[in-house]
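Below is model29.cif, which holds mmCIF, C-alpha atoms.
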data_target
#
loop_
_atom_site.label_atom_id
_atom_site.label_comp_id
_atom_site.auth_asym_id
_atom_site.auth_seq_id
_atom_site.Cartn_x
_atom_site.Cartn_y
_atom_site.Cartn_z
CA MET J 256 64.01 62.50 120.58
CA PRO J 257 65.41 65.90 121.70
CA ALA J 258 64.33 67.58 118.45
CA VAL J 259 60.80 66.18 118.72
CA PHE J 260 60.60 67.34 122.33
CA VAL J 261 61.59 70.92 121.44
CA LEU J 262 59.02 71.10 118.64
CA LEU J 263 56.23 69.76 120.83
CA TRP J 264 57.14 71.93 123.80
CA SER J 265 57.09 75.08 121.69
CA THR J 266 53.44 74.52 120.77
CA GLY J 267 52.35 74.62 124.41
CA PHE J 268 52.53 78.42 124.62
CA ILE J 269 50.57 78.74 121.39
CA GLY J 270 47.93 76.27 122.56
CA ALA J 271 47.47 78.25 125.77
CA LYS J 272 46.97 81.51 123.88
CA PHE J 273 44.61 79.76 121.45
CA GLY J 274 42.31 78.37 124.15
CA LEU J 275 42.39 81.00 126.90
CA PRO J 276 39.77 83.31 125.36
CA TYR J 277 37.19 80.60 126.11
CA ALA J 278 38.05 79.67 129.72
CA GLU J 279 39.84 81.13 132.71
CA PRO J 280 43.41 79.85 133.12
CA PHE J 281 43.02 77.56 136.14
CA THR J 282 39.69 76.19 134.92
CA PHE J 283 41.34 75.40 131.58
CA LEU J 284 44.20 73.66 133.39
CA LEU J 285 41.83 71.76 135.68
CA LEU J 286 40.07 70.24 132.67
CA ARG J 287 43.38 69.41 131.05
CA MET J 288 44.88 67.76 134.14
CA LEU J 289 41.69 65.81 134.88
CA ALA J 290 41.65 64.39 131.35
CA VAL J 291 45.33 63.45 131.45
CA ALA J 292 45.13 61.86 134.91
CA ALA J 293 42.15 59.72 133.83
CA LEU J 294 43.83 58.71 130.56
CA LEU J 295 47.15 57.76 132.12
CA GLY J 296 45.46 56.02 135.04
CA LEU J 297 43.60 53.84 132.57
CA VAL J 298 46.82 53.11 130.66
CA ALA J 299 48.58 52.18 133.91
CA LEU J 300 45.82 49.78 134.89
CA VAL J 301 45.50 48.14 131.47
CA THR J 302 49.25 47.63 131.13
CA ARG J 303 49.59 46.59 134.79
CA ALA J 304 52.31 49.12 135.40
CA PRO J 305 54.05 48.88 138.79
CA TRP J 306 53.08 51.45 141.39
CA PRO J 307 55.61 53.03 143.79
CA GLY J 308 56.68 50.71 146.57
CA SER J 309 56.44 53.25 149.39
CA TRP J 310 54.42 56.27 150.41
CA ARG J 311 57.67 58.20 150.64
CA LEU J 312 58.27 57.73 146.92
CA VAL J 313 54.64 58.64 146.20
CA GLY J 314 55.24 61.90 148.08
CA HIS J 315 58.39 62.66 146.11
CA ILE J 316 56.59 61.97 142.84
CA ALA J 317 53.69 64.22 143.83
CA VAL J 318 56.00 67.09 144.82
CA ALA J 319 57.86 66.87 141.51
CA GLY J 320 54.54 66.86 139.69
CA LEU J 321 53.25 69.91 141.53
CA LEU J 322 56.42 71.83 140.63
CA VAL J 323 56.57 70.71 136.98
CA HIS J 324 52.83 70.94 136.30
CA ALA J 325 51.01 73.09 138.85
CA VAL J 326 53.58 75.85 139.38
CA TYR J 327 54.97 75.84 135.86
CA LEU J 328 51.74 75.50 133.89
CA GLY J 329 49.79 77.69 136.29
CA GLY J 330 52.38 80.44 135.89
CA VAL J 331 52.47 80.17 132.09
CA PHE J 332 48.70 80.16 131.62
CA PHE J 333 48.15 82.99 134.08
CA ALA J 334 50.88 85.08 132.43
CA ILE J 335 49.36 84.64 128.98
CA SER J 336 45.88 85.37 130.38
CA GLN J 337 47.35 88.67 131.66
CA LYS J 338 48.34 89.60 128.08
CA VAL J 339 52.01 88.72 128.36
CA PRO J 340 52.93 87.68 124.77
CA ALA J 341 53.46 83.97 124.23
CA GLY J 342 56.96 84.60 122.88
CA ILE J 343 57.98 86.60 125.97
CA THR J 344 56.51 83.98 128.31
CA ALA J 345 58.48 81.32 126.46
CA LEU J 346 61.66 83.39 126.72
CA ILE J 347 61.36 83.91 130.47
CA VAL J 348 60.71 80.22 131.06
CA GLY J 349 63.42 79.43 128.50
CA ILE J 350 66.20 80.53 130.83
CA GLN J 351 65.52 77.37 132.83
CA PRO J 352 68.80 75.84 131.53
CA LEU J 353 70.71 78.71 133.06
CA LEU J 354 69.14 78.28 136.48
CA THR J 355 69.45 74.51 136.21
CA ALA J 356 73.15 74.81 135.45
CA ALA J 357 73.60 77.16 138.38
CA LEU J 358 71.79 74.83 140.80
CA SER J 359 72.75 71.39 139.50
CA GLY J 360 76.29 71.58 140.87
CA TRP J 361 75.00 72.41 144.33
CA LEU J 362 72.03 70.02 144.42
CA LEU J 363 73.18 67.13 142.21
CA GLY J 364 76.96 67.35 142.31
CA GLU J 365 77.22 67.99 138.57
CA ARG J 366 80.16 70.06 137.30
CA VAL J 367 79.35 73.62 136.21
CA SER J 368 82.07 75.18 134.07
CA ALA J 369 83.20 78.78 133.70
CA ARG J 370 81.59 78.88 130.26
CA GLN J 371 78.26 77.90 131.76
CA TRP J 372 78.52 80.70 134.29
CA GLY J 373 79.26 83.10 131.42
CA GLY J 374 76.19 81.82 129.60
CA LEU J 375 74.14 82.35 132.75
CA LEU J 376 75.16 86.00 132.97
CA LEU J 377 74.59 86.64 129.25
CA GLY J 378 71.18 84.99 129.32
CA LEU J 379 70.03 86.93 132.34
CA ILE J 380 71.05 90.21 130.70
CA GLY J 381 69.15 89.20 127.56
CA VAL J 382 65.97 88.41 129.45
CA GLY J 383 66.32 91.69 131.33
CA LEU J 384 66.40 93.58 128.03
CA VAL J 385 63.29 91.84 126.71
CA VAL J 386 61.29 92.32 129.90
CA SER J 387 62.34 95.96 130.26
CA GLU J 388 61.15 96.76 126.75
CA LYS J 389 57.80 95.09 127.30
CA LEU J 390 57.23 96.89 130.58
CA THR J 391 58.18 100.20 128.93
CA VAL J 392 55.64 99.80 126.13
CA GLY J 393 52.99 98.38 128.47
CA THR J 394 52.77 94.92 126.93
CA GLY J 395 51.64 92.55 129.64
CA SER J 396 51.26 93.34 133.32
CA ALA J 397 53.83 93.17 136.09
CA ILE J 398 51.81 90.43 137.79
CA GLY J 399 51.75 88.49 134.52
CA LEU J 400 55.52 88.74 134.18
CA GLY J 401 55.82 87.69 137.81
CA ALA J 402 53.73 84.61 137.05
CA ALA J 403 56.09 83.75 134.18
CA VAL J 404 59.03 83.99 136.59
CA ALA J 405 57.19 81.71 139.03
CA ALA J 406 56.73 79.22 136.19
CA LEU J 407 60.47 79.38 135.54
CA VAL J 408 61.24 78.58 139.17
CA GLY J 409 58.72 75.73 139.17
CA ILE J 410 60.04 73.95 136.09
CA THR J 411 63.65 74.41 137.22
CA LEU J 412 63.15 73.02 140.72
CA GLY J 413 60.82 70.32 139.39
CA THR J 414 63.43 69.09 136.90
CA LEU J 415 66.10 68.91 139.58
CA TYR J 416 63.77 67.27 142.10
CA GLN J 417 62.69 64.71 139.52
CA LYS J 418 66.31 63.90 138.71
CA ARG J 419 67.27 63.51 142.36
CA HIS J 420 64.29 61.71 143.89
CA CYS J 421 62.16 60.08 141.19
CA THR J 422 64.44 58.39 138.66
CA GLY J 423 63.21 54.94 139.67
CA MET J 424 59.53 55.57 139.08
CA ASP J 425 57.52 53.96 136.30
CA LEU J 426 56.52 56.73 133.91
CA ARG J 427 52.92 55.52 133.58
CA THR J 428 52.05 55.31 137.26
CA GLY J 429 54.37 58.15 138.24
CA ALA J 430 52.79 60.53 135.76
CA THR J 431 49.31 59.45 136.91
CA ILE J 432 50.20 60.39 140.48
CA GLN J 433 51.65 63.71 139.38
CA TYR J 434 48.66 64.69 137.28
CA ALA J 435 46.23 63.60 139.99
CA ALA J 436 48.02 65.79 142.55
CA THR J 437 48.03 68.69 140.09
CA THR J 438 44.32 68.19 139.35
CA ALA J 439 43.54 68.54 143.05
CA ALA J 440 45.64 71.70 143.28
CA PHE J 441 43.96 73.36 140.28
CA ALA J 442 40.51 72.34 141.51
CA VAL J 443 41.07 74.23 144.75
CA ILE J 444 42.52 77.29 142.99
CA ALA J 445 39.78 77.43 140.36
CA LEU J 446 36.99 77.04 142.93
CA LEU J 447 38.42 79.83 145.06
CA THR J 448 39.39 82.35 142.37
CA GLU J 449 37.39 81.76 139.16
CA SER J 450 33.84 81.46 137.87
CA MET J 451 34.73 78.15 136.13
CA ARG J 452 32.64 79.01 133.08
CA VAL J 453 33.75 77.45 129.78
CA HIS J 454 32.74 78.32 126.22
CA TRP J 455 32.93 74.98 124.40
CA THR J 456 33.91 76.29 120.97
CA GLY J 457 35.74 74.28 118.34
CA GLU J 458 38.89 76.29 119.03
CA PHE J 459 38.76 75.52 122.74
CA VAL J 460 38.17 71.80 122.19
CA PHE J 461 41.08 71.66 119.75
CA ALA J 462 43.40 73.51 122.15
CA LEU J 463 42.36 71.31 125.08
CA THR J 464 42.82 68.12 123.07
CA TRP J 465 46.21 69.19 121.72
CA LEU J 466 47.55 70.27 125.08
CA THR J 467 46.23 67.12 126.76
CA LEU J 468 47.51 64.50 124.33
CA VAL J 469 50.52 66.11 122.68
CA LEU J 470 51.93 68.21 125.53
CA SER J 471 50.84 66.57 128.78
CA VAL J 472 51.40 63.03 127.51
CA GLY J 473 53.85 63.15 124.61
CA ALA J 474 56.17 66.02 125.56
CA ILE J 475 56.23 65.33 129.30
CA PHE J 476 57.06 61.65 128.76
CA LEU J 477 59.89 62.70 126.46
CA LEU J 478 61.14 65.19 129.07
CA PHE J 479 61.22 62.60 131.83
CA ALA J 480 62.92 60.08 129.55
CA LEU J 481 65.58 62.67 128.67
CA ILE J 482 66.08 63.56 132.34
CA ARG J 483 66.77 59.90 133.08
CA LYS J 484 69.37 59.61 130.36
CA GLY J 485 71.30 62.87 130.61
CA ALA J 486 72.82 65.38 133.00
CA ALA J 487 70.19 67.79 134.24
CA ALA J 488 71.93 70.91 132.92
CA LYS J 489 72.37 69.46 129.43
CA VAL J 490 68.80 68.14 129.19
CA ALA J 491 67.42 71.48 130.30
CA SER J 492 69.49 73.28 127.67
CA LEU J 493 67.16 71.89 125.01
CA PHE J 494 64.75 74.62 126.08
CA TYR J 495 66.96 77.26 124.44
CA LEU J 496 65.27 76.53 121.12
CA THR J 497 61.77 77.09 122.51
CA PRO J 498 61.66 80.92 122.67
CA PRO J 499 62.63 81.62 119.03
CA VAL J 500 60.34 78.86 117.73
CA THR J 501 57.46 80.15 119.85
CA ALA J 502 58.13 83.76 118.82
CA VAL J 503 58.01 82.87 115.12
CA VAL J 504 54.77 80.89 115.45
CA ALA J 505 53.18 83.61 117.63
CA TRP J 506 54.11 86.21 115.02
CA ALA J 507 52.56 84.10 112.24
CA MET J 508 49.36 83.22 114.14
CA PHE J 509 48.73 86.22 116.43
CA ASP J 510 50.88 89.00 114.95
CA GLU J 511 52.94 89.27 118.13
CA ARG J 512 55.91 91.50 117.35
CA LEU J 513 59.20 92.12 119.13
CA GLY J 514 61.05 95.44 119.06
CA ALA J 515 64.75 95.86 118.35
CA VAL J 516 65.77 95.75 122.02
CA ALA J 517 63.69 92.61 122.61
CA LEU J 518 65.20 90.90 119.57
CA VAL J 519 68.71 91.67 120.80
CA GLY J 520 67.78 90.37 124.23
CA MET J 521 66.34 87.16 122.80
CA ALA J 522 69.48 86.60 120.73
CA MET J 523 71.66 87.12 123.83
CA THR J 524 69.56 84.64 125.78
CA VAL J 525 69.76 82.00 123.06
CA VAL J 526 73.53 82.39 122.85
CA GLY J 527 73.83 82.23 126.63
CA VAL J 528 71.90 78.97 126.84
CA ALA J 529 73.82 77.58 123.86
CA LEU J 530 77.00 78.14 125.87
CA VAL J 531 75.50 76.07 128.67
CA ASN J 532 74.69 73.31 126.19
CA ARG J 533 78.15 73.23 124.62
CA SER J 534 79.95 73.02 127.93
CA ALA J 535 77.56 70.62 129.68
#

Let's see the structure in the file written out as structure tokens.
Amino acid sequence: MPAVFVLLWSTGFIGAKFGLPYAEPFTFLLLRMLAVAALLGLVALVTRAPWPGSWRLVGHIAVAGLLVHAVYLGGVFFAISQKVPAGITALIVGIQPLLTAALSGWLLGERVSARQWGGLLLGLIGVGLVVSEKLTVGTGSAIGLGAAVAALVGITLGTLYQKRHCTGMDLRTGATIQYAATTAAFAVIALLTESMRVHWTGEFVFALTWLTLVLSVGAIFLLFALIRKGAAAKVASLFYLTPPVTAVVAWAMFDERLGAVALVGMAMTVVGVALVNRSA
């Protein structure tokens, strides 16, 4: 299950880059979230899945969903729409395990070892090298890189919040609530900031379908299942495989290239997160 999750998650950055030429980022995400919310709502009704027993739990589920989906996906899509390479976006978000390890001891009472702290420092230095090179050569905008950092914060806090407050939820109804809340958020953002025009090409339909079914249903369900079964820091460390996989695919499909400094930085980040995984 962890290997399948990593492979599926890596395709999300590629799917975003593939579909964004045909729709603005928040309009694209609005369509995706609307489709997923409707699909999972239907599944929940047909299978008679139990709904949360209190409005308090509904609120917790919605907050986790807004962090994991609205903040994270909104940041990723906006970053890529601002010409930040998919591989760099994946790398920035990929230091989630380091932040999760740093915060899980404080928020969840999980033990964070000295090796994990060493991995945190190494990973942060690596990301700094990659970002500095891209800013130097003018690849991607500062606001795009800032959006990628916002996505990192969203997925980190969302994972921890989910672990702490939502472990008892049914995945079918819980995910429906989360995607419905995210749909509402993207509807407001898209209406206020975008034209909401869509070019319904074959490429866009494929990207939307892939991201809806494979990422928003398959990968997210795997993520939540893994969160339930493992320590937050160790589950999050699976993300360390995402940046190199994404970088290779982006190079093959879009000819995205990394310079020597960026490659060294990516290697440092991967090693840093691997240290978190080994000691978790």

Please, what distance in Å, to one decimal, runs between atom CA of J:Ala435 and atom CA of J:Leu415?
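Spanning atom CA of J:Ala435 to atom CA of J:Leu415 is a straight-line distance of 20.6 Å.
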
Check what the PyMOL selection byres ((chain J and resi 523) around 10) selects in the file above and give those residues as a PyMOL selection string.
chain J and resi 374+376-382+384+517-522+524-529

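For the residues J:Leu284, J:Val404, J:Leu375, J:Met424, ranking by smallest atom-to-atom distance to J:Leu312 using only C-alpha atoms places J:Met424 first.
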
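Residues matched by the PyMOL selection byres ((chain J and resi 476) around 12) in this structure: Met256, Pro257, Val259, Phe260, Leu263, Trp264, Leu295, Asp425, Leu426, Arg427, Thr428, Gly429, Ala430, Thr431, Leu468, Val469, Leu470, Ser471, Val472, Gly473, Ala474, Ile475, Leu477, Leu478, Phe479, Ala480, Leu481, Ile482 and Arg483 of chain J.
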
Residues as selected, C-alpha atoms, written as a CSV table (one decimal), keeping the file's coordinate frame, can you do that?
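Contents of part16.csv, freshly written:
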chain,number,residue,atom,x,y,z
J,256,MET,CA,64.0,62.5,120.6
J,257,PRO,CA,65.4,65.9,121.7
J,259,VAL,CA,60.8,66.2,118.7
J,260,PHE,CA,60.6,67.3,122.3
J,263,LEU,CA,56.2,69.8,120.8
J,264,TRP,CA,57.1,71.9,123.8
J,295,LEU,CA,47.2,57.8,132.1
J,425,ASP,CA,57.5,54.0,136.3
J,426,LEU,CA,56.5,56.7,133.9
J,427,ARG,CA,52.9,55.5,133.6
J,428,THR,CA,52.0,55.3,137.3
J,429,GLY,CA,54.4,58.2,138.2
J,430,ALA,CA,52.8,60.5,135.8
J,431,THR,CA,49.3,59.4,136.9
J,468,LEU,CA,47.5,64.5,124.3
J,469,VAL,CA,50.5,66.1,122.7
J,470,LEU,CA,51.9,68.2,125.5
J,471,SER,CA,50.8,66.6,128.8
J,472,VAL,CA,51.4,63.0,127.5
J,473,GLY,CA,53.8,63.2,124.6
J,474,ALA,CA,56.2,66.0,125.6
J,475,ILE,CA,56.2,65.3,129.3
J,477,LEU,CA,59.9,62.7,126.5
J,478,LEU,CA,61.1,65.2,129.1
J,479,PHE,CA,61.2,62.6,131.8
J,480,ALA,CA,62.9,60.1,129.6
J,481,LEU,CA,65.6,62.7,128.7
J,482,ILE,CA,66.1,63.6,132.3
J,483,ARG,CA,66.8,59.9,133.1

Pairwise distance for atom CA of J:Gly329 and atom CA of J:Pro280, rounded to one decimal in Å:
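That distance, rounded to one decimal, is 7.4 Å.
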
Quote the spacing between atom CA of J:Gly342 and atom CA of J:Trp372 in Å to one decimal place.
24.7 Å

With all atoms listed in the file as the basis for distance, which of J:Thr437, J:Val504, J:Arg303, J:Thr282 is at the shortest distance from J:Leu262?
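The shortest atom-to-atom distance to J:Leu262 comes from J:Val504.
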
Neighbours of J:Cys421 within 8 Å (all atoms listed in the file; same-chain residues fewer than 5 positions away dropped), as a list in words?
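Residues near the query, excluding close chain neighbours: Leu312, His315, Ile316 and Tyr416 of chain J.
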
Which residue is closest to J:Gly330? Choose from J:Ala304, J:Ala405, J:Ser265, J:Leu346 and count only C-alpha atoms.
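The shortest atom-to-atom distance to J:Gly330 comes from J:Ala405.
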
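Shortest atom-to-atom contact with J:Leu321 among J:Leu407, J:Ile432, J:Trp306, J:Arg419: J:Ile432, counting all atoms listed in the file.
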
Smallest atom-to-atom distance to J:Val323: which of J:Gly423, J:Pro340, J:Gly514, J:Gly409, using only C-alpha atoms?
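Selected residue with least distance to J:Val323: J:Gly409.
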